[in-house]
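Structure file entry.cif with mmCIF, N, CA and C atoms:
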data_my_file
loop_
_atom_site.label_atom_id
_atom_site.label_comp_id
_atom_site.auth_asym_id
_atom_site.auth_seq_id
_atom_site.Cartn_x
_atom_site.Cartn_y
_atom_site.Cartn_z
N MET A 101 -5.24 -11.52 -14.21
CA MET A 101 -5.80 -10.21 -13.99
C MET A 101 -6.83 -10.25 -12.86
N VAL A 102 -7.62 -11.30 -12.85
CA VAL A 102 -8.62 -11.44 -11.80
C VAL A 102 -7.93 -11.62 -10.44
N ALA A 103 -6.83 -12.36 -10.44
CA ALA A 103 -6.09 -12.56 -9.19
C ALA A 103 -5.55 -11.23 -8.65
N ALA A 104 -5.05 -10.37 -9.53
CA ALA A 104 -4.55 -9.07 -9.09
C ALA A 104 -5.69 -8.23 -8.51
N PHE A 105 -6.84 -8.31 -9.12
CA PHE A 105 -8.00 -7.56 -8.63
C PHE A 105 -8.40 -8.06 -7.24
N VAL A 106 -8.46 -9.36 -7.07
CA VAL A 106 -8.86 -9.95 -5.79
C VAL A 106 -7.82 -9.63 -4.71
N VAL A 107 -6.54 -9.73 -5.05
CA VAL A 107 -5.49 -9.40 -4.09
C VAL A 107 -5.57 -7.93 -3.70
N GLY A 108 -5.87 -7.06 -4.66
CA GLY A 108 -6.02 -5.64 -4.36
C GLY A 108 -7.17 -5.37 -3.40
N ILE A 109 -8.29 -6.04 -3.61
CA ILE A 109 -9.44 -5.87 -2.73
C ILE A 109 -9.11 -6.35 -1.32
N ILE A 110 -8.49 -7.52 -1.21
CA ILE A 110 -8.17 -8.08 0.10
C ILE A 110 -7.14 -7.22 0.83
N CYS A 111 -6.09 -6.82 0.12
CA CYS A 111 -5.06 -5.99 0.76
C CYS A 111 -5.60 -4.61 1.12
N GLY A 112 -6.48 -4.07 0.30
CA GLY A 112 -7.10 -2.80 0.63
C GLY A 112 -7.93 -2.89 1.90
N ALA A 113 -8.66 -3.97 2.04
CA ALA A 113 -9.45 -4.17 3.26
C ALA A 113 -8.56 -4.32 4.48
N VAL A 114 -7.46 -5.03 4.33
CA VAL A 114 -6.53 -5.21 5.45
C VAL A 114 -5.89 -3.87 5.82
N SER A 115 -5.50 -3.08 4.83
CA SER A 115 -4.88 -1.79 5.15
C SER A 115 -5.87 -0.82 5.79
N ILE A 116 -7.11 -0.82 5.34
CA ILE A 116 -8.13 0.03 5.97
C ILE A 116 -8.37 -0.42 7.41
N THR A 117 -8.41 -1.72 7.63
CA THR A 117 -8.58 -2.24 8.99
C THR A 117 -7.41 -1.83 9.87
N TYR A 118 -6.21 -1.88 9.33
CA TYR A 118 -5.02 -1.49 10.09
C TYR A 118 -5.08 -0.02 10.49
N VAL A 119 -5.44 0.84 9.56
CA VAL A 119 -5.48 2.27 9.85
C VAL A 119 -6.62 2.62 10.79
N LEU A 120 -7.75 1.95 10.66
CA LEU A 120 -8.90 2.27 11.48
C LEU A 120 -8.96 1.48 12.80
N SER A 121 -7.91 0.74 13.11
CA SER A 121 -7.95 -0.14 14.29
C SER A 121 -7.84 0.61 15.61
N THR A 122 -7.36 1.82 15.60
CA THR A 122 -7.25 2.61 16.83
C THR A 122 -8.06 3.89 16.69
N PRO A 123 -8.35 4.55 17.80
CA PRO A 123 -9.10 5.81 17.72
C PRO A 123 -8.38 6.86 16.86
N ALA A 124 -9.15 7.77 16.29
CA ALA A 124 -8.60 8.75 15.35
C ALA A 124 -7.62 9.72 16.00
N ASP A 125 -7.77 10.00 17.28
CA ASP A 125 -6.87 10.96 17.91
C ASP A 125 -5.59 10.34 18.45
N VAL A 126 -5.45 9.03 18.35
CA VAL A 126 -4.24 8.34 18.81
C VAL A 126 -3.36 8.04 17.60
N PRO A 127 -2.12 8.51 17.59
CA PRO A 127 -1.25 8.22 16.45
C PRO A 127 -0.88 6.73 16.40
N LEU A 128 -0.57 6.25 15.21
CA LEU A 128 -0.20 4.84 15.06
C LEU A 128 1.16 4.55 15.68
N PHE A 129 2.06 5.52 15.63
CA PHE A 129 3.36 5.37 16.27
C PHE A 129 3.83 6.73 16.78
N THR A 130 4.65 6.72 17.81
CA THR A 130 5.18 7.95 18.39
C THR A 130 6.68 7.82 18.59
N PHE A 131 7.34 8.98 18.66
CA PHE A 131 8.78 9.01 18.89
C PHE A 131 9.13 9.65 20.23
N GLN A 132 8.11 10.06 21.02
CA GLN A 132 8.30 10.67 22.33
C GLN A 132 9.18 11.93 22.24
N VAL A 133 8.91 12.77 21.26
CA VAL A 133 9.61 14.05 21.12
C VAL A 133 8.58 15.17 21.11
N GLN A 134 9.04 16.40 21.35
CA GLN A 134 8.14 17.53 21.42
C GLN A 134 8.34 18.54 20.29
N THR A 135 9.41 18.44 19.52
CA THR A 135 9.67 19.40 18.45
C THR A 135 10.27 18.69 17.25
N GLY A 136 10.22 19.37 16.11
CA GLY A 136 10.93 18.90 14.93
C GLY A 136 10.11 18.01 14.02
N ILE A 137 10.83 17.42 13.10
CA ILE A 137 10.22 16.60 12.05
C ILE A 137 9.61 15.32 12.62
N LEU A 138 10.20 14.79 13.69
CA LEU A 138 9.66 13.57 14.28
C LEU A 138 8.29 13.81 14.92
N LEU A 139 8.08 15.00 15.46
CA LEU A 139 6.76 15.34 16.00
C LEU A 139 5.74 15.40 14.88
N TRP A 140 6.12 16.01 13.76
CA TRP A 140 5.22 16.08 12.61
C TRP A 140 4.89 14.67 12.10
N LEU A 141 5.90 13.81 12.01
CA LEU A 141 5.66 12.43 11.59
C LEU A 141 4.72 11.71 12.54
N SER A 142 4.91 11.94 13.82
CA SER A 142 4.04 11.31 14.82
C SER A 142 2.61 11.80 14.70
N GLU A 143 2.42 13.10 14.51
CA GLU A 143 1.07 13.66 14.41
C GLU A 143 0.35 13.21 13.14
N ASN A 144 1.08 12.99 12.08
CA ASN A 144 0.48 12.60 10.80
C ASN A 144 0.71 11.13 10.46
N SER A 145 0.92 10.32 11.47
CA SER A 145 1.26 8.92 11.23
C SER A 145 0.14 8.15 10.54
N ARG A 146 -1.11 8.47 10.83
CA ARG A 146 -2.23 7.76 10.19
C ARG A 146 -2.26 8.05 8.69
N ILE A 147 -2.14 9.31 8.33
CA ILE A 147 -2.18 9.68 6.91
C ILE A 147 -0.98 9.08 6.19
N LEU A 148 0.19 9.17 6.81
CA LEU A 148 1.40 8.62 6.18
C LEU A 148 1.32 7.11 6.02
N ALA A 149 0.79 6.42 7.02
CA ALA A 149 0.67 4.96 6.93
C ALA A 149 -0.33 4.57 5.84
N ALA A 150 -1.45 5.26 5.77
CA ALA A 150 -2.46 4.95 4.75
C ALA A 150 -1.91 5.22 3.35
N THR A 151 -1.21 6.34 3.19
CA THR A 151 -0.64 6.67 1.88
C THR A 151 0.44 5.67 1.48
N SER A 152 1.30 5.32 2.42
CA SER A 152 2.36 4.35 2.13
C SER A 152 1.79 2.99 1.74
N LEU A 153 0.80 2.53 2.49
CA LEU A 153 0.19 1.24 2.17
C LEU A 153 -0.49 1.28 0.81
N SER A 154 -1.15 2.37 0.50
CA SER A 154 -1.82 2.49 -0.80
C SER A 154 -0.81 2.48 -1.94
N LEU A 155 0.29 3.20 -1.77
CA LEU A 155 1.32 3.23 -2.81
C LEU A 155 1.96 1.86 -3.00
N LEU A 156 2.23 1.16 -1.90
CA LEU A 156 2.81 -0.18 -2.01
C LEU A 156 1.86 -1.16 -2.69
N LEU A 157 0.57 -1.09 -2.34
CA LEU A 157 -0.41 -1.96 -2.97
C LEU A 157 -0.54 -1.65 -4.45
N THR A 158 -0.54 -0.37 -4.80
CA THR A 158 -0.62 0.01 -6.20
C THR A 158 0.57 -0.51 -6.98
N LEU A 159 1.76 -0.36 -6.42
CA LEU A 159 2.97 -0.86 -7.08
C LEU A 159 2.90 -2.37 -7.26
N GLY A 160 2.45 -3.08 -6.25
CA GLY A 160 2.34 -4.54 -6.34
C GLY A 160 1.35 -4.98 -7.40
N ILE A 161 0.19 -4.33 -7.46
CA ILE A 161 -0.82 -4.71 -8.45
C ILE A 161 -0.36 -4.38 -9.85
N ILE A 162 0.30 -3.24 -10.02
CA ILE A 162 0.81 -2.88 -11.34
C ILE A 162 1.87 -3.88 -11.79
N SER A 163 2.73 -4.31 -10.88
CA SER A 163 3.76 -5.28 -11.26
C SER A 163 3.14 -6.64 -11.60
N ILE A 164 2.10 -7.04 -10.90
CA ILE A 164 1.42 -8.29 -11.23
C ILE A 164 0.81 -8.21 -12.63
N ILE A 165 0.13 -7.12 -12.91
CA ILE A 165 -0.49 -6.95 -14.24
C ILE A 165 0.58 -6.90 -15.32
N SER A 166 1.69 -6.21 -15.05
CA SER A 166 2.78 -6.14 -16.02
C SER A 166 3.37 -7.52 -16.29
N ASN A 167 3.54 -8.31 -15.25
CA ASN A 167 4.06 -9.67 -15.43
C ASN A 167 3.11 -10.54 -16.24
N ILE A 168 1.82 -10.41 -15.99
CA ILE A 168 0.84 -11.17 -16.75
C ILE A 168 0.88 -10.79 -18.22
N GLN A 169 0.98 -9.49 -18.50
CA GLN A 169 1.05 -9.04 -19.89
C GLN A 169 2.33 -9.53 -20.57
N ASP A 170 3.45 -9.54 -19.85
CA ASP A 170 4.70 -10.06 -20.41
C ASP A 170 4.58 -11.54 -20.75
N ILE A 171 3.95 -12.31 -19.87
CA ILE A 171 3.76 -13.74 -20.13
C ILE A 171 2.87 -13.95 -21.34
N GLN A 172 1.82 -13.15 -21.47
CA GLN A 172 0.94 -13.27 -22.63
C GLN A 172 1.68 -12.92 -23.92
N ARG A 173 2.53 -11.89 -23.89
CA ARG A 173 3.31 -11.54 -25.08
C ARG A 173 4.28 -12.65 -25.44
N MET A 174 4.90 -13.30 -24.45
CA MET A 174 5.82 -14.40 -24.72
C MET A 174 5.10 -15.58 -25.37
N ARG A 175 3.88 -15.84 -24.91
CA ARG A 175 3.10 -16.94 -25.50
C ARG A 175 2.77 -16.64 -26.96
N VAL A 176 2.44 -15.39 -27.26
CA VAL A 176 2.11 -15.01 -28.64
C VAL A 176 3.35 -15.13 -29.52
N CYS A 177 4.52 -14.71 -29.01
CA CYS A 177 5.76 -14.81 -29.78
C CYS A 177 6.17 -16.25 -30.03
N LEU A 178 5.93 -17.12 -29.07
CA LEU A 178 6.30 -18.53 -29.22
C LEU A 178 5.39 -19.24 -30.22
N LYS A 179 4.13 -18.82 -30.31
CA LYS A 179 3.21 -19.45 -31.25
C LYS A 179 3.50 -19.04 -32.67
N ALA A 180 4.06 -17.87 -32.89
CA ALA A 180 4.31 -17.36 -34.23
C ALA A 180 5.53 -17.95 -34.86
#

Could you write out this file's structure as structure tokens?
Amino acid sequence: MVAAFVVGIICGAVSITYVLSTPADVPLFTFQVQTGILLWLSENSRILAATSLSLLLTLGIISIISNIQDIQRMRVCLKA
């Protein structure tokens, strides 16, 4: 559990550094288009990248905690 917490803190810091590494008015990625959904993606690339990274980190930490709980349950079943 402590390892999941530490990994979450480290990955959170890395993702914040990634998002804040360029000026706020410069998108993280562009598609060189002027209309449509790709323009919207380009304009909101910072928010989308931050949200995606947060969701991936959350999923990873939840799976680590779930695996730890499964291992603890197996140990209890084997002792009984």

Self-check item: Residues matched by the PyMOL selection byres ((chain A and resi 142) around 6.5) as a ChimeraX atom specification
Solution: /A:127-131,137-141,143-146

Expand the PyMOL selection byres (((chain A and resi 157-160 and name CA) around 12) and name CA) into the explicit residue set it covers here, and present it as a PDB file with N, CA and C atoms, in the coordinates of the input.
ATOM      1  N   ALA A 103      -6.830 -12.360 -10.440  1.00  0.00           N
ATOM      2  CA  ALA A 103      -6.090 -12.560  -9.190  1.00  0.00           C
ATOM      3  C   ALA A 103      -5.550 -11.230  -8.650  1.00  0.00           C
ATOM      4  N   ALA A 104      -5.050 -10.370  -9.530  1.00  0.00           N
ATOM      5  CA  ALA A 104      -4.550  -9.070  -9.090  1.00  0.00           C
ATOM      6  C   ALA A 104      -5.690  -8.230  -8.510  1.00  0.00           C
ATOM      7  N   PHE A 105      -6.840  -8.310  -9.120  1.00  0.00           N
ATOM      8  CA  PHE A 105      -8.000  -7.560  -8.630  1.00  0.00           C
ATOM      9  C   PHE A 105      -8.400  -8.060  -7.240  1.00  0.00           C
ATOM     10  N   VAL A 106      -8.460  -9.360  -7.070  1.00  0.00           N
ATOM     11  CA  VAL A 106      -8.860  -9.950  -5.790  1.00  0.00           C
ATOM     12  C   VAL A 106      -7.820  -9.630  -4.710  1.00  0.00           C
ATOM     13  N   VAL A 107      -6.540  -9.730  -5.050  1.00  0.00           N
ATOM     14  CA  VAL A 107      -5.490  -9.400  -4.090  1.00  0.00           C
ATOM     15  C   VAL A 107      -5.570  -7.930  -3.700  1.00  0.00           C
ATOM     16  N   GLY A 108      -5.870  -7.060  -4.660  1.00  0.00           N
ATOM     17  CA  GLY A 108      -6.020  -5.640  -4.360  1.00  0.00           C
ATOM     18  C   GLY A 108      -7.170  -5.370  -3.400  1.00  0.00           C
ATOM     19  N   ILE A 109      -8.290  -6.040  -3.610  1.00  0.00           N
ATOM     20  CA  ILE A 109      -9.440  -5.870  -2.730  1.00  0.00           C
ATOM     21  C   ILE A 109      -9.110  -6.350  -1.320  1.00  0.00           C
ATOM     22  N   ILE A 110      -8.490  -7.520  -1.210  1.00  0.00           N
ATOM     23  CA  ILE A 110      -8.170  -8.080   0.100  1.00  0.00           C
ATOM     24  C   ILE A 110      -7.140  -7.220   0.830  1.00  0.00           C
ATOM     25  N   CYS A 111      -6.090  -6.820   0.120  1.00  0.00           N
ATOM     26  CA  CYS A 111      -5.060  -5.990   0.760  1.00  0.00           C
ATOM     27  C   CYS A 111      -5.600  -4.610   1.120  1.00  0.00           C
ATOM     28  N   GLY A 112      -6.480  -4.070   0.300  1.00  0.00           N
ATOM     29  CA  GLY A 112      -7.100  -2.800   0.630  1.00  0.00           C
ATOM     30  C   GLY A 112      -7.930  -2.890   1.900  1.00  0.00           C
ATOM     31  N   ALA A 113      -8.660  -3.970   2.040  1.00  0.00           N
ATOM     32  CA  ALA A 113      -9.450  -4.170   3.260  1.00  0.00           C
ATOM     33  C   ALA A 113      -8.560  -4.320   4.480  1.00  0.00           C
ATOM     34  N   VAL A 114      -7.460  -5.030   4.330  1.00  0.00           N
ATOM     35  CA  VAL A 114      -6.530  -5.210   5.450  1.00  0.00           C
ATOM     36  C   VAL A 114      -5.890  -3.870   5.820  1.00  0.00           C
ATOM     37  N   SER A 115      -5.500  -3.080   4.830  1.00  0.00           N
ATOM     38  CA  SER A 115      -4.880  -1.790   5.150  1.00  0.00           C
ATOM     39  C   SER A 115      -5.870  -0.820   5.790  1.00  0.00           C
ATOM     40  N   ILE A 116      -7.110  -0.820   5.340  1.00  0.00           N
ATOM     41  CA  ILE A 116      -8.130   0.030   5.970  1.00  0.00           C
ATOM     42  C   ILE A 116      -8.370  -0.420   7.410  1.00  0.00           C
ATOM     43  N   ALA A 150      -1.450   5.260   5.770  1.00  0.00           N
ATOM     44  CA  ALA A 150      -2.460   4.950   4.750  1.00  0.00           C
ATOM     45  C   ALA A 150      -1.910   5.220   3.350  1.00  0.00           C
ATOM     46  N   THR A 151      -1.210   6.340   3.190  1.00  0.00           N
ATOM     47  CA  THR A 151      -0.640   6.670   1.880  1.00  0.00           C
ATOM     48  C   THR A 151       0.440   5.670   1.480  1.00  0.00           C
ATOM     49  N   SER A 152       1.300   5.320   2.420  1.00  0.00           N
ATOM     50  CA  SER A 152       2.360   4.350   2.130  1.00  0.00           C
ATOM     51  C   SER A 152       1.790   2.990   1.740  1.00  0.00           C
ATOM     52  N   LEU A 153       0.800   2.530   2.490  1.00  0.00           N
ATOM     53  CA  LEU A 153       0.190   1.240   2.170  1.00  0.00           C
ATOM     54  C   LEU A 153      -0.490   1.280   0.810  1.00  0.00           C
ATOM     55  N   SER A 154      -1.150   2.370   0.500  1.00  0.00           N
ATOM     56  CA  SER A 154      -1.820   2.490  -0.800  1.00  0.00           C
ATOM     57  C   SER A 154      -0.810   2.480  -1.940  1.00  0.00           C
ATOM     58  N   LEU A 155       0.290   3.200  -1.770  1.00  0.00           N
ATOM     59  CA  LEU A 155       1.320   3.230  -2.810  1.00  0.00           C
ATOM     60  C   LEU A 155       1.960   1.860  -3.000  1.00  0.00           C
ATOM     61  N   LEU A 156       2.230   1.160  -1.900  1.00  0.00           N
ATOM     62  CA  LEU A 156       2.810  -0.180  -2.010  1.00  0.00           C
ATOM     63  C   LEU A 156       1.860  -1.160  -2.690  1.00  0.00           C
ATOM     64  N   ILE A 161       0.190  -4.330  -7.460  1.00  0.00           N
ATOM     65  CA  ILE A 161      -0.820  -4.710  -8.450  1.00  0.00           C
ATOM     66  C   ILE A 161      -0.360  -4.380  -9.850  1.00  0.00           C
ATOM     67  N   ILE A 162       0.300  -3.240 -10.020  1.00  0.00           N
ATOM     68  CA  ILE A 162       0.810  -2.880 -11.340  1.00  0.00           C
ATOM     69  C   ILE A 162       1.870  -3.880 -11.790  1.00  0.00           C
ATOM     70  N   SER A 163       2.730  -4.310 -10.880  1.00  0.00           N
ATOM     71  CA  SER A 163       3.760  -5.280 -11.260  1.00  0.00           C
ATOM     72  C   SER A 163       3.140  -6.640 -11.600  1.00  0.00           C
ATOM     73  N   ILE A 164       2.100  -7.040 -10.900  1.00  0.00           N
ATOM     74  CA  ILE A 164       1.420  -8.290 -11.230  1.00  0.00           C
ATOM     75  C   ILE A 164       0.810  -8.210 -12.630  1.00  0.00           C
ATOM     76  N   ILE A 165       0.130  -7.120 -12.910  1.00  0.00           N
ATOM     77  CA  ILE A 165      -0.490  -6.950 -14.240  1.00  0.00           C
ATOM     78  C   ILE A 165       0.580  -6.900 -15.320  1.00  0.00           C
ATOM     79  N   SER A 166       1.690  -6.210 -15.050  1.00  0.00           N
ATOM     80  CA  SER A 166       2.780  -6.140 -16.020  1.00  0.00           C
ATOM     81  C   SER A 166       3.370  -7.520 -16.290  1.00  0.00           C
ATOM     82  N   ASN A 167       3.540  -8.310 -15.250  1.00  0.00           N
ATOM     83  CA  ASN A 167       4.060  -9.670 -15.430  1.00  0.00           C
ATOM     84  C   ASN A 167       3.110 -10.540 -16.240  1.00  0.00           C
TER      85      ASN A 167
END

Self-check item: Test item, alpha helix (DSSP H) assignment across chain A, answer as a PyMOL selection string
Solution: chain A and resi 102-119+137-143+145-179

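Our summary of the geometry notes that atom CA of Ala149 of chain A is positioned 16.7 Å from atom N of Gln132 of chain A.
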
Centre, x/y/z edge lengths, axis-aligned box for segment 143-149 of chain A with 4 Å per side, as lines of an AutoDock Vina configuration file:
center_x = 0.1
center_y = 9.1
center_z = 10.2
size_x = 12.7
size_y = 17.1
size_z = 16.7

Test item: write segment 102-116 of chain A with N, CA, C and O atoms as a PDB file, in the first residue's frame:
ATOM      1  N   VAL A 102       1.932   1.207   0.773  1.00  0.00           N
ATOM      2  CA  VAL A 102       2.838   2.357   0.824  1.00  0.00           C
ATOM      3  C   VAL A 102       3.506   2.555  -0.536  1.00  0.00           C
ATOM      4  O   VAL A 102       3.671   3.686  -0.995  1.00  0.00           O
ATOM      5  N   ALA A 103       3.844   1.450  -1.190  1.00  0.00           N
ATOM      6  CA  ALA A 103       4.467   1.546  -2.512  1.00  0.00           C
ATOM      7  C   ALA A 103       3.519   2.202  -3.517  1.00  0.00           C
ATOM      8  O   ALA A 103       3.945   3.039  -4.325  1.00  0.00           O
ATOM      9  N   ALA A 104       2.242   1.855  -3.473  1.00  0.00           N
ATOM     10  CA  ALA A 104       1.269   2.473  -4.380  1.00  0.00           C
ATOM     11  C   ALA A 104       1.161   3.967  -4.106  1.00  0.00           C
ATOM     12  O   ALA A 104       1.044   4.771  -5.037  1.00  0.00           O
ATOM     13  N   PHE A 105       1.194   4.339  -2.851  1.00  0.00           N
ATOM     14  CA  PHE A 105       1.125   5.756  -2.488  1.00  0.00           C
ATOM     15  C   PHE A 105       2.343   6.505  -3.016  1.00  0.00           C
ATOM     16  O   PHE A 105       2.212   7.576  -3.618  1.00  0.00           O
ATOM     17  N   VAL A 106       3.518   5.939  -2.831  1.00  0.00           N
ATOM     18  CA  VAL A 106       4.755   6.582  -3.283  1.00  0.00           C
ATOM     19  C   VAL A 106       4.785   6.670  -4.806  1.00  0.00           C
ATOM     20  O   VAL A 106       5.142   7.715  -5.372  1.00  0.00           O
ATOM     21  N   VAL A 107       4.379   5.601  -5.490  1.00  0.00           N
ATOM     22  CA  VAL A 107       4.342   5.618  -6.949  1.00  0.00           C
ATOM     23  C   VAL A 107       3.352   6.676  -7.436  1.00  0.00           C
ATOM     24  O   VAL A 107       3.617   7.384  -8.403  1.00  0.00           O
ATOM     25  N   GLY A 108       2.225   6.810  -6.757  1.00  0.00           N
ATOM     26  CA  GLY A 108       1.246   7.831  -7.128  1.00  0.00           C
ATOM     27  C   GLY A 108       1.803   9.236  -6.987  1.00  0.00           C
ATOM     28  O   GLY A 108       1.590  10.092  -7.854  1.00  0.00           O
ATOM     29  N   ILE A 109       2.520   9.485  -5.908  1.00  0.00           N
ATOM     30  CA  ILE A 109       3.116  10.805  -5.694  1.00  0.00           C
ATOM     31  C   ILE A 109       4.158  11.102  -6.775  1.00  0.00           C
ATOM     32  O   ILE A 109       4.174  12.191  -7.365  1.00  0.00           O
ATOM     33  N   ILE A 110       5.019  10.138  -7.061  1.00  0.00           N
ATOM     34  CA  ILE A 110       6.075  10.335  -8.055  1.00  0.00           C
ATOM     35  C   ILE A 110       5.481  10.532  -9.449  1.00  0.00           C
ATOM     36  O   ILE A 110       5.858  11.457 -10.172  1.00  0.00           O
ATOM     37  N   CYS A 111       4.531   9.685  -9.821  1.00  0.00           N
ATOM     38  CA  CYS A 111       3.922   9.807 -11.147  1.00  0.00           C
ATOM     39  C   CYS A 111       3.107  11.088 -11.269  1.00  0.00           C
ATOM     40  O   CYS A 111       3.066  11.697 -12.343  1.00  0.00           O
ATOM     41  N   GLY A 112       2.463  11.500 -10.197  1.00  0.00           N
ATOM     42  CA  GLY A 112       1.738  12.768 -10.212  1.00  0.00           C
ATOM     43  C   GLY A 112       2.674  13.940 -10.445  1.00  0.00           C
ATOM     44  O   GLY A 112       2.364  14.853 -11.215  1.00  0.00           O
ATOM     45  N   ALA A 113       3.816  13.910  -9.793  1.00  0.00           N
ATOM     46  CA  ALA A 113       4.799  14.983  -9.990  1.00  0.00           C
ATOM     47  C   ALA A 113       5.325  14.989 -11.416  1.00  0.00           C
ATOM     48  O   ALA A 113       5.490  16.057 -12.024  1.00  0.00           O
ATOM     49  N   VAL A 114       5.564  13.816 -11.972  1.00  0.00           N
ATOM     50  CA  VAL A 114       6.049  13.730 -13.351  1.00  0.00           C
ATOM     51  C   VAL A 114       4.987  14.241 -14.322  1.00  0.00           C
ATOM     52  O   VAL A 114       5.298  14.979 -15.259  1.00  0.00           O
ATOM     53  N   SER A 115       3.730  13.873 -14.102  1.00  0.00           N
ATOM     54  CA  SER A 115       2.677  14.330 -15.015  1.00  0.00           C
ATOM     55  C   SER A 115       2.463  15.836 -14.917  1.00  0.00           C
ATOM     56  O   SER A 115       2.235  16.500 -15.936  1.00  0.00           O
ATOM     57  N   ILE A 116       2.536  16.398 -13.722  1.00  0.00           N
ATOM     58  CA  ILE A 116       2.413  17.845 -13.569  1.00  0.00           C
ATOM     59  C   ILE A 116       3.582  18.547 -14.258  1.00  0.00           C
ATOM     60  O   ILE A 116       3.407  19.561 -14.931  1.00  0.00           O
TER      61      ILE A 116
END
